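The next block is upload-v1.cif, given as mmCIF, C-alpha atoms.
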```cif
data_my_file
loop_
_atom_site.label_atom_id
_atom_site.label_comp_id
_atom_site.auth_asym_id
_atom_site.auth_seq_id
_atom_site.Cartn_x
_atom_site.Cartn_y
_atom_site.Cartn_z
CA MET A 1 -85.11 13.31 67.28
CA THR A 2 -87.00 16.57 67.27
CA VAL A 3 -87.72 18.73 70.31
CA GLN A 4 -91.34 17.53 70.17
CA GLU A 5 -90.21 13.90 70.12
CA LEU A 6 -87.99 14.53 73.15
CA ILE A 7 -90.96 16.06 74.99
CA ASP A 8 -93.10 13.05 74.02
CA LYS A 9 -90.59 10.66 75.63
CA ASP A 10 -91.82 12.10 78.92
CA VAL A 11 -88.44 11.87 80.65
CA PHE A 12 -88.15 15.61 81.37
CA LYS A 13 -90.58 18.07 82.90
CA VAL A 14 -91.78 20.69 80.45
CA ASN A 15 -91.36 24.24 81.77
CA GLN A 16 -91.92 26.11 78.57
CA VAL A 17 -92.74 25.01 75.04
CA GLY A 18 -90.97 26.99 72.33
CA TYR A 19 -91.75 27.70 68.70
CA ASN A 20 -89.18 25.25 67.40
CA LEU A 21 -90.74 21.88 68.15
CA GLY A 22 -89.70 20.55 64.77
CA GLN A 23 -86.00 21.38 65.29
CA CYS A 24 -83.83 18.26 65.25
CA ILE A 25 -81.58 17.76 68.28
CA SER A 26 -78.00 17.05 67.24
CA GLU A 27 -76.35 16.17 70.57
CA PRO A 28 -76.38 17.01 74.27
CA PHE A 29 -74.09 19.81 75.46
CA CYS A 30 -73.17 20.51 79.11
CA CYS A 31 -71.84 23.82 80.45
CA ASP A 32 -72.71 26.34 83.17
CA LEU A 33 -70.37 29.16 82.22
CA LEU A 34 -72.18 31.36 79.76
CA SER A 35 -69.19 32.66 77.80
CA ILE A 36 -68.03 29.13 77.18
CA ALA A 37 -71.53 27.95 76.28
CA MET A 38 -71.88 30.95 73.98
CA SER A 39 -68.83 30.01 71.96
CA LYS A 40 -68.99 26.22 72.22
CA ALA A 41 -72.63 25.15 72.29
CA PRO A 42 -73.29 23.47 68.95
CA ALA A 43 -76.31 24.75 67.04
CA ASP A 44 -79.24 22.34 67.50
CA SER A 45 -77.84 20.88 70.72
CA ALA A 46 -79.84 20.14 73.87
CA TRP A 47 -78.05 22.36 76.40
CA VAL A 48 -77.93 20.86 79.88
CA THR A 49 -77.17 23.37 82.65
CA VAL A 50 -78.05 24.38 86.20
CA MET A 51 -78.14 28.09 85.32
CA GLY A 52 -81.80 29.05 85.09
CA ASN A 53 -81.55 32.80 84.70
CA ILE A 54 -82.40 35.22 81.97
CA ASN A 55 -78.90 35.19 80.50
CA THR A 56 -79.10 31.46 79.87
CA LEU A 57 -82.04 32.19 77.58
CA ALA A 58 -80.20 34.97 75.75
CA VAL A 59 -77.26 32.64 75.11
CA ALA A 60 -79.56 29.80 74.05
CA LYS A 61 -81.17 32.03 71.48
CA LEU A 62 -77.90 33.41 70.14
CA ALA A 63 -76.31 29.97 69.95
CA ASP A 64 -79.38 28.43 68.24
CA VAL A 65 -79.63 25.52 70.64
CA ALA A 66 -82.70 23.31 70.23
CA CYS A 67 -83.70 23.42 73.90
CA ILE A 68 -82.47 24.04 77.42
CA ILE A 69 -82.59 21.24 79.98
CA LEU A 70 -82.24 22.43 83.57
CA ALA A 71 -80.67 19.67 85.65
CA GLU A 72 -80.23 19.04 89.40
CA GLY A 73 -83.72 20.40 90.11
CA ALA A 74 -82.74 23.87 88.89
CA GLU A 75 -85.61 26.09 87.82
CA LEU A 76 -86.05 29.26 85.83
CA ASP A 77 -86.33 32.38 87.95
CA GLN A 78 -89.29 34.69 87.29
CA ASN A 79 -87.44 36.87 84.76
CA GLY A 80 -86.19 33.77 83.02
CA LEU A 81 -89.65 32.29 82.76
CA GLU A 82 -91.04 35.47 81.26
CA LYS A 83 -88.19 35.66 78.76
CA ALA A 84 -88.66 32.01 77.78
CA LYS A 85 -92.33 32.77 77.14
CA THR A 86 -91.75 35.88 75.05
CA GLN A 87 -88.81 34.42 73.13
CA LYS A 88 -90.57 31.06 72.75
CA ILE A 89 -87.59 28.96 73.85
CA THR A 90 -88.21 25.35 74.88
CA VAL A 91 -87.11 24.76 78.47
CA LEU A 92 -87.25 21.32 80.09
CA SER A 93 -86.10 20.29 83.56
CA THR A 94 -85.16 17.30 85.66
CA ASP A 95 -83.92 16.39 89.13
CA LYS A 96 -81.19 14.26 87.55
CA PRO A 97 -77.57 15.39 87.71
CA ILE A 98 -76.16 17.09 84.62
CA PHE A 99 -74.29 14.01 83.40
CA GLU A 100 -77.29 11.74 83.70
CA ALA A 101 -79.58 14.23 81.99
CA ALA A 102 -77.14 14.55 79.09
CA LEU A 103 -76.67 10.78 78.96
CA THR A 104 -80.44 10.33 78.72
CA VAL A 105 -80.52 12.63 75.69
CA TYR A 106 -77.54 10.83 74.18
CA GLN A 107 -79.17 7.44 74.64
CA LEU A 108 -82.45 8.63 73.16
CA LEU A 109 -80.56 9.95 70.16
CA HIS A 110 -78.61 6.74 69.64
CA ASP A 111 -81.25 4.13 70.41
CA MET B 1 -70.63 51.89 47.60
CA SER B 2 -73.17 53.75 49.63
CA ASP B 3 -75.38 50.82 50.52
CA LYS B 4 -74.32 50.65 54.13
CA ILE B 5 -76.78 49.87 56.87
CA VAL B 6 -76.17 51.43 60.27
CA LEU B 7 -77.88 50.07 63.35
CA THR B 8 -77.54 51.85 66.70
CA TYR B 9 -78.30 50.37 70.10
CA GLN B 10 -78.22 51.73 73.64
CA VAL B 11 -77.12 49.28 76.32
CA SER B 12 -78.37 49.97 79.85
CA ALA B 13 -76.19 49.46 82.92
CA ASP B 14 -76.95 46.46 85.13
CA ASP B 15 -80.03 45.57 83.10
CA PHE B 16 -79.67 41.85 82.67
CA THR B 17 -83.29 41.53 81.62
CA ARG B 18 -82.40 43.21 78.34
CA ALA B 19 -78.80 42.10 77.93
CA GLY B 20 -78.39 40.30 74.64
CA GLU B 21 -81.30 42.04 72.93
CA ALA B 22 -79.07 44.14 70.67
CA SER B 23 -77.03 41.10 69.60
CA SER B 24 -80.19 39.12 69.11
CA ASP B 25 -81.68 41.85 66.92
CA VAL B 26 -78.51 42.06 64.78
CA LYS B 27 -78.49 38.30 64.48
CA SER B 28 -82.05 38.11 63.18
CA LYS B 29 -81.48 41.03 60.76
CA LEU B 30 -78.34 39.39 59.33
CA LYS B 31 -80.19 36.10 58.96
CA LYS B 32 -82.97 37.83 57.05
CA MET B 33 -80.38 39.45 54.78
CA GLY B 34 -79.14 35.98 53.90
CA VAL B 35 -75.71 36.33 55.53
CA LYS B 36 -74.00 32.94 55.95
CA PRO B 37 -74.82 31.23 59.27
CA GLU B 38 -71.15 30.97 60.32
CA ILE B 39 -70.70 34.73 59.83
CA VAL B 40 -73.92 35.44 61.74
CA ARG B 41 -72.67 33.26 64.62
CA LYS B 42 -69.32 35.08 64.75
CA VAL B 43 -71.03 38.47 64.88
CA ALA B 44 -73.59 37.30 67.45
CA ILE B 45 -70.96 35.89 69.83
CA ALA B 46 -68.54 38.81 69.53
CA MET B 47 -71.29 41.36 69.99
CA TYR B 48 -73.03 39.56 72.86
CA GLU B 49 -69.76 39.41 74.81
CA GLY B 50 -69.21 43.11 74.22
CA GLU B 51 -72.77 43.91 75.20
CA ILE B 52 -72.47 41.90 78.43
CA ASN B 53 -69.16 43.59 79.25
CA MET B 54 -70.90 46.96 78.96
CA VAL B 55 -73.69 45.85 81.28
CA ILE B 56 -71.33 44.38 83.88
CA HIS B 57 -68.35 46.72 83.84
CA ALA B 58 -69.11 49.96 82.08
CA ASN B 59 -72.48 51.42 83.21
CA GLY B 60 -73.87 50.67 79.77
CA GLY B 61 -73.02 52.40 76.53
CA SER B 62 -73.85 52.42 72.85
CA ILE B 63 -73.22 50.06 69.96
CA ASP B 64 -73.13 50.97 66.28
CA VAL B 65 -73.28 48.13 63.82
CA ILE B 66 -72.33 49.02 60.26
CA ILE B 67 -73.15 46.47 57.61
CA SER B 68 -71.41 47.01 54.29
CA PRO B 69 -71.13 44.66 51.28
CA THR B 70 -67.69 43.53 52.46
CA GLU B 71 -67.72 43.62 56.26
CA ILE B 72 -69.72 44.04 59.44
CA SER B 73 -68.26 46.53 61.91
CA MET B 74 -69.31 46.72 65.53
CA ILE B 75 -68.30 49.84 67.43
CA LEU B 76 -68.93 49.63 71.17
CA GLU B 77 -68.43 52.79 73.19
CA ASP B 78 -68.88 53.34 76.90
CA LYS B 79 -68.12 55.93 79.52
CA GLY B 80 -67.14 53.32 82.08
CA PRO B 81 -64.06 53.13 84.29
CA GLY B 82 -61.74 52.03 81.46
CA ILE B 83 -59.53 48.94 81.32
CA GLU B 84 -56.42 49.22 83.47
CA ASP B 85 -54.35 46.54 81.78
CA ILE B 86 -55.67 45.55 78.36
CA GLU B 87 -53.09 42.80 77.89
CA LYS B 88 -54.13 41.18 81.16
CA ALA B 89 -57.83 41.60 80.36
CA MET B 90 -57.22 39.76 77.08
CA GLN B 91 -55.91 36.67 78.89
CA ALA B 92 -58.37 33.77 78.90
CA GLY B 93 -59.55 33.17 82.45
CA TYR B 94 -58.71 36.64 83.78
CA SER B 95 -61.79 38.34 85.20
CA THR B 96 -62.64 41.26 87.44
CA ALA B 97 -66.34 40.36 87.59
CA PRO B 98 -67.73 40.51 91.15
CA ASP B 99 -69.30 37.48 92.87
CA ASN B 100 -72.91 38.47 92.14
CA ILE B 101 -72.06 38.50 88.43
CA ARG B 102 -70.27 35.17 88.67
CA SER B 103 -73.34 33.63 90.27
CA LEU B 104 -75.21 34.47 87.04
CA GLY B 105 -72.80 32.32 85.04
CA PHE B 106 -70.45 35.10 83.89
CA GLY B 107 -66.92 35.88 84.99
CA ALA B 108 -65.21 32.98 83.23
CA GLY B 109 -62.71 35.47 81.87
CA MET B 110 -63.67 34.58 78.30
CA GLY B 111 -65.41 37.79 77.23
CA LEU B 112 -62.56 39.66 75.54
CA PRO B 113 -60.84 36.46 74.33
CA ASN B 114 -64.13 35.40 72.69
CA MET B 115 -64.50 38.83 71.11
CA LYS B 116 -61.02 38.57 69.63
CA LYS B 117 -61.51 34.98 68.55
CA TYR B 118 -64.81 35.55 66.77
CA SER B 119 -63.97 38.84 65.08
CA ASP B 120 -61.50 39.14 62.23
CA GLU B 121 -60.11 42.44 63.53
CA MET B 122 -60.38 43.97 66.97
CA GLN B 123 -59.11 47.23 68.35
CA ILE B 124 -59.45 48.47 71.94
CA GLU B 125 -58.95 52.06 72.99
CA SER B 126 -59.38 52.66 76.68
CA GLU B 127 -58.66 55.47 79.06
CA ILE B 128 -58.98 55.16 82.82
CA GLY B 129 -61.87 57.25 84.12
CA THR B 130 -63.04 58.15 80.61
CA GLY B 131 -64.23 55.00 78.93
CA THR B 132 -63.54 52.32 76.39
CA LYS B 133 -64.09 51.97 72.67
CA VAL B 134 -63.92 48.55 71.09
CA THR B 135 -64.07 48.19 67.31
CA MET B 136 -64.61 44.74 65.89
CA LYS B 137 -64.86 43.70 62.25
CA VAL B 138 -66.09 40.51 60.70
CA PHE B 139 -65.38 40.19 56.98
CA LEU B 140 -68.07 38.83 54.69
#
```
Let me see whether you can do it: turn the structure in this file into structure tokens.
Amino acid sequence: MTVQELIDKDVFKVNQVGYNLGQCISEPFCCDLLSIAMSKAPADSAWVTVMGNINTLAVAKLADVACIILAEGAELDQNGLEKAKTQKITVLSTDKPIFEAALTVYQLLHD
Amino acid sequence: MSDKIVLTYQVSADDFTRAGEASSDVKSKLKKMGVKPEIVRKVAIAMYEGEINMVIHANGGSIDVIISPTEISMILEDKGPGIEDIEKAMQAGYSTAPDNIRSLGFGAGMGLPNMKKYSDEMQIESEIGTGTKVTMKVFL
């Protein structure tokens, strides 16, 4: 499933569309601590987190994740939104808890 | 061989809007040079952690990245407060980051351990009140 296909499923709100809509999502990944996400987030994963700040975007870019999914109603702050725009990183969001958001991605990948 | 490439970056204190830009720039340059993705990832993680440490703890500093045919060296120098107990700072989970930094998602105490883990060689020289110099190497 590509990032575009995930967007088309219409299960997450779209905050920012990135340049990488054709990137295939490998798996969901959950973590809110940036140093751990930095070293553990698999490339091409859909990273589910409640941290919507500018550093989340820096880590997402360095770790080559396919997209960020902000869970629990978390939103990007203003700096984060601007960075997502300039760096063209796909950011989605949902009111679902982290586990459920990740499970949704997992189920979509394995259906 | 003389075909070394030297990249120099200035890291500003407390500027989280730009934190990660130096690592990101090195990452994209290495990618363009055709360096293997797993090497690029090691360099990006090690350097990002060092860069963030400079922003949080050291009032900023400078980073030199030297790319040679055999290795990538990252030399991070700051004029910050210095590290009181390097051995303790190297322990996973140990952190002196203040609460406002933790609320940004940092302070897991994984910065220096990640730097050591993702570099092939790491050396820390630190003097209280003078600053810290961290040299990391990743072999190609």
Exercise. What residues have an atom no more than 6 Å from (-59.2, 37.0, 78.3) in the file's own frame, counting only C-alpha atoms, and can you write them as a PyMOL selection string?
Worked result: chain B and resi 89-94+109-110+112-113
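Compared by their closest atoms to chain B, and using all atoms listed in the file, the residues A:Asp95, A:Asp8, A:Glu82, A:Asp44 rank with A:Glu82 nearest.
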Problem set entry | Exercise answer, chain A residues close to chain B, 6 Å and only C-alpha atoms, as a PyMOL selection string | chain A and resi 33-35+58
For this session: Please provide the set of residues having any atom within 10 Å of B:Glu125, restricted to all atoms listed in the file, with same-chain residues fewer than 6 positions apart removed, written as a PyMOL selection string.
Result: chain B and resi 77+82-83+86+131-135
For a cut-off of 12 Å around (-71.9, 36.3, 58.7), file coordinates, pick out all residues using all atoms listed in the file and list them as a CSV table (one decimal) with C-alpha atoms, keeping the file's coordinate frame.
```
chain,number,residue,atom,x,y,z
B,26,VAL,CA,-78.5,42.1,64.8
B,27,LYS,CA,-78.5,38.3,64.5
B,28,SER,CA,-82.0,38.1,63.2
B,29,LYS,CA,-81.5,41.0,60.8
B,30,LEU,CA,-78.3,39.4,59.3
B,31,LYS,CA,-80.2,36.1,59.0
B,32,LYS,CA,-83.0,37.8,57.0
B,33,MET,CA,-80.4,39.4,54.8
B,34,GLY,CA,-79.1,36.0,53.9
B,35,VAL,CA,-75.7,36.3,55.5
B,36,LYS,CA,-74.0,32.9,56.0
B,37,PRO,CA,-74.8,31.2,59.3
B,38,GLU,CA,-71.2,31.0,60.3
B,39,ILE,CA,-70.7,34.7,59.8
B,40,VAL,CA,-73.9,35.4,61.7
B,41,ARG,CA,-72.7,33.3,64.6
B,42,LYS,CA,-69.3,35.1,64.8
B,43,VAL,CA,-71.0,38.5,64.9
B,44,ALA,CA,-73.6,37.3,67.4
B,45,ILE,CA,-71.0,35.9,69.8
B,46,ALA,CA,-68.5,38.8,69.5
B,67,ILE,CA,-73.2,46.5,57.6
B,68,SER,CA,-71.4,47.0,54.3
B,69,PRO,CA,-71.1,44.7,51.3
B,70,THR,CA,-67.7,43.5,52.5
B,71,GLU,CA,-67.7,43.6,56.3
B,72,ILE,CA,-69.7,44.0,59.4
B,73,SER,CA,-68.3,46.5,61.9
B,118,TYR,CA,-64.8,35.6,66.8
B,119,SER,CA,-64.0,38.8,65.1
B,120,ASP,CA,-61.5,39.1,62.2
B,137,LYS,CA,-64.9,43.7,62.2
B,138,VAL,CA,-66.1,40.5,60.7
B,139,PHE,CA,-65.4,40.2,57.0
B,140,LEU,CA,-68.1,38.8,54.7
```
For this session: Pick out the residues sitting within 8 Å of stretch 100-111 of chain A, and hand them over as a PyMOL selection string; count only C-alpha atoms, and ignore anything fewer than 6 positions along from it in its own chain.
Result: chain A and resi 1+27-30+46+48+69+71+94
For this session: Would you translate the PyMOL selection byres ((chain A and resi 59) around 8) into the concrete set of residues it matches in this file, as an NGL selection string?
Result: (:A and (34 or 37-38 or 55-58 or 60-63)) or (:B and (20))
For this session: Return as a PyMOL selection string the set of residues that the PyMOL selection byres ((chain A and resi 53) around 6) yields on the displayed structure.
Result: chain A and resi 51-52+54-56+76-77+80
I need the residues from that last selection saved to file as an mmCIF file, in the frame of the given file (with C-alpha atoms), if you can.
```cif
data_model
loop_
_atom_site.group_PDB
_atom_site.id
_atom_site.type_symbol
_atom_site.label_atom_id
_atom_site.label_comp_id
_atom_site.auth_asym_id
_atom_site.auth_seq_id
_atom_site.Cartn_x
_atom_site.Cartn_y
_atom_site.Cartn_z
ATOM 1 C CA MET A 51 -78.140 28.090 85.320
ATOM 2 C CA GLY A 52 -81.800 29.050 85.090
ATOM 3 C CA ILE A 54 -82.400 35.220 81.970
ATOM 4 C CA ASN A 55 -78.900 35.190 80.500
ATOM 5 C CA THR A 56 -79.100 31.460 79.870
ATOM 6 C CA LEU A 76 -86.050 29.260 85.830
ATOM 7 C CA ASP A 77 -86.330 32.380 87.950
ATOM 8 C CA GLY A 80 -86.190 33.770 83.020
#
```
The PyMOL selection byres ((chain A and resi 73) around 9) resolved against shown file, as an mmCIF file with C-alpha atoms, in the frame of the given file:
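Saved as result_4.cif:
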```cif
data_model
loop_
_atom_site.group_PDB
_atom_site.id
_atom_site.type_symbol
_atom_site.label_atom_id
_atom_site.label_comp_id
_atom_site.auth_asym_id
_atom_site.auth_seq_id
_atom_site.Cartn_x
_atom_site.Cartn_y
_atom_site.Cartn_z
ATOM 1 C CA VAL A 50 -78.050 24.380 86.200
ATOM 2 C CA LEU A 70 -82.240 22.430 83.570
ATOM 3 C CA ALA A 71 -80.670 19.670 85.650
ATOM 4 C CA GLU A 72 -80.230 19.040 89.400
ATOM 5 C CA ALA A 74 -82.740 23.870 88.890
ATOM 6 C CA GLU A 75 -85.610 26.090 87.820
ATOM 7 C CA SER A 93 -86.100 20.290 83.560
ATOM 8 C CA THR A 94 -85.160 17.300 85.660
ATOM 9 C CA ASP A 95 -83.920 16.390 89.130
ATOM 10 C CA LYS A 96 -81.190 14.260 87.550
ATOM 11 C CA PRO A 97 -77.570 15.390 87.710
#
```
